[in-house]
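Step one of this worksheet: look at the structure below.
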Amino acid sequence: MKPSPEAPLVDGLAAGDETAFAAAYDLYGAALFRVAVAIVGSREEAEDAVQDVFVALVRAGGRLRAVRDLKAYLFASLRRAAVRRMQKQRRPPLPTVAVSRAPPPAETSDDAVRLERALASLPAAQREMVALHVDGGLTFAECAEALGIRPGTAAGRYRYAIEKLRAALKE
Amino acid sequence: MEPSPLPPDLAKIAARLSARPRVEPRGDHRDRVMAAVRRELATGRKPSRQQKETWHFAAVAAAAVLFVWLNVAMRAANPPGWRLRGPGNGVAVAQTAAWIQELVPSLPEREARRQAVVLHAGARLVPATQPAGRAAGALLLHELKEGAPWVMP
């Protein structure tokens, strides 16, 4: 099997090398944050969830050497951290209003607002799929790994989400 | 394997999604995360609470096993015997009764046997301290002072 290009980074993380954690943040920190905002719906909670992911990464230690896809692993860890945060606040996981609670973009046009509203009206699983693929930049294979589903299911879920968005935007 | 591309109208919506302005983490977020990582790296070298609980459980389990093993070993080394009446005990009582009757021929056989049983029982008694309590001690002292005779059963 061909070694992953992320193998040195994974080794550094497993060994507890601080520079490896900094590199992992620089690579995935912003994407993790964007997806976290889509899941938990607040900037503060999203920042805390991303921090939880990195703390969990430290705690995983040597077990990280078994990780095949670091990116998918980080996003799967983010989902768990986000769910834990929402459970602490006694909020249902992936609430239907998550995106609408997200801070609005600086420049908003009518179209942008309509798009955000349409996105907020999606079922939680489809909205999460859009967040992972669009905001997180994950491929469908990586989304599938993070969500524990088949790549075909991930692609299908994304397509249904886009079709729902088209219908919502036409209304 | 990536799926077949979306039809043009759906692709347009996907492009709008990708192009929309995104929220980014605050500037100090990286420092916050790295500070948490450093803290966790420092504490990670100490045993965690879960590890401590595991060791505590293991120690308690080992102590319990050792306690049971010691009990079993002591019991095996010192068999209790339960002071069971041996087969010759009845014969010994009968011999003692006969000896008592020889000494006191007027004693009925039944009474001689009772005395023999009492003698045998008394021979097995273990000396013990007097019953505790102020009243018991005072009574004994009073009897000693008065020179009351000791009544043997």
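Chain labels A, B, ... are given in the sequence in which chains occur in the structure tokens; within each chain residues are numbered consecutively from 1, and ligands are likewise numbered from 1 in the order shown.
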Exercise. Write out as a ChimeraX atom specification every residue belonging to chain A that has an atom at most 9 Å from any atom of chain B, counting only C-alpha atoms.
Key: /A:16-18,21-22,25-26,29-31,33-34,37,43,46-48,50-52,54-55,57-59,102-108,112,115,130,134-135,139-141,151-152,155-156,159,162-163,165-166
Tell me, as an mmCIF file with C-alpha atoms, in the first residue's frame, which residues lie within 10 Å of A:Leu122, counting only C-alpha atoms; anything in the same chain fewer than 4 positions away does not count.
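Output saved as around.cif:
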```cif
data_model
loop_
_atom_site.group_PDB
_atom_site.id
_atom_site.type_symbol
_atom_site.label_atom_id
_atom_site.label_comp_id
_atom_site.auth_asym_id
_atom_site.auth_seq_id
_atom_site.Cartn_x
_atom_site.Cartn_y
_atom_site.Cartn_z
ATOM 1 C CA THR A 96 -32.713 22.656 12.207
ATOM 2 C CA VAL A 97 -31.850 26.294 12.907
ATOM 3 C CA VAL A 99 -27.124 27.708 10.012
ATOM 4 C CA ARG A 117 -32.304 30.535 4.446
ATOM 5 C CA ALA A 118 -32.677 27.730 1.934
ATOM 6 C CA GLN A 126 -28.000 17.062 4.098
ATOM 7 C CA ARG A 127 -26.879 20.361 5.602
ATOM 8 C CA GLU A 128 -23.980 18.590 7.287
ATOM 9 C CA VAL A 130 -23.045 20.414 2.249
ATOM 10 C CA TYR A 160 -30.472 15.704 -2.957
ATOM 11 C CA ALA A 161 -29.396 18.704 -0.893
ATOM 12 C CA ILE A 162 -28.613 20.755 -4.003
ATOM 13 C CA LYS A 164 -33.772 20.842 -2.433
ATOM 14 C CA LEU A 165 -31.889 24.126 -2.503
ATOM 15 C CA ALA A 168 -36.356 26.321 -2.213
#
```
Quiz item: Mind checking DSSP for stretch 13-141 of chain A and telling me the helix (DSSP H, G or I) residues as an MDAnalysis selection string?
Solution: chainID A and resid 13:14 18:40 43:66 70:88 98:101 110:120 124:135 140:141
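Omitting A:Glu145 and its sequence neighbours fewer than 3 positions away, and counting only C-alpha atoms, the residues within 6 Å are Ala72, Glu142 and Gly148 of chain A.
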May I have the residues from that selection written out with N, CA and C atoms, as an mmCIF file, in the first residue's frame?
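See result.cif below for the written result:
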```cif
data_model
loop_
_atom_site.group_PDB
_atom_site.id
_atom_site.type_symbol
_atom_site.label_atom_id
_atom_site.label_comp_id
_atom_site.auth_asym_id
_atom_site.auth_seq_id
_atom_site.Cartn_x
_atom_site.Cartn_y
_atom_site.Cartn_z
ATOM 1 N N ALA A 72 -10.218 13.186 7.152
ATOM 2 C CA ALA A 72 -11.507 12.570 7.497
ATOM 3 C C ALA A 72 -11.585 12.312 9.000
ATOM 4 N N GLU A 142 -13.843 11.379 1.381
ATOM 5 C CA GLU A 142 -13.475 11.858 2.722
ATOM 6 C C GLU A 142 -14.724 12.118 3.573
ATOM 7 N N GLY A 148 -19.012 7.920 8.202
ATOM 8 C CA GLY A 148 -19.214 6.487 8.373
ATOM 9 C C GLY A 148 -20.254 5.935 7.422
#
```
Self-check item: For A:Ala15: contacts at 9 Å, only C-alpha atoms, fewer than 4 positions along chain excluded, given as JSON, numbers by chain
Solution: {"A": [10, 11, 61, 62]}
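Note that the spacing between atom CA of B:Leu119 and atom CA of B:Ser106 amounts to 18.8 Å.
With distances restricted to only C-alpha atoms, B:Ala98 is the closest residue to B:Arg110 from B:Ala123, B:Ala98, B:Leu70, B:Ala77.
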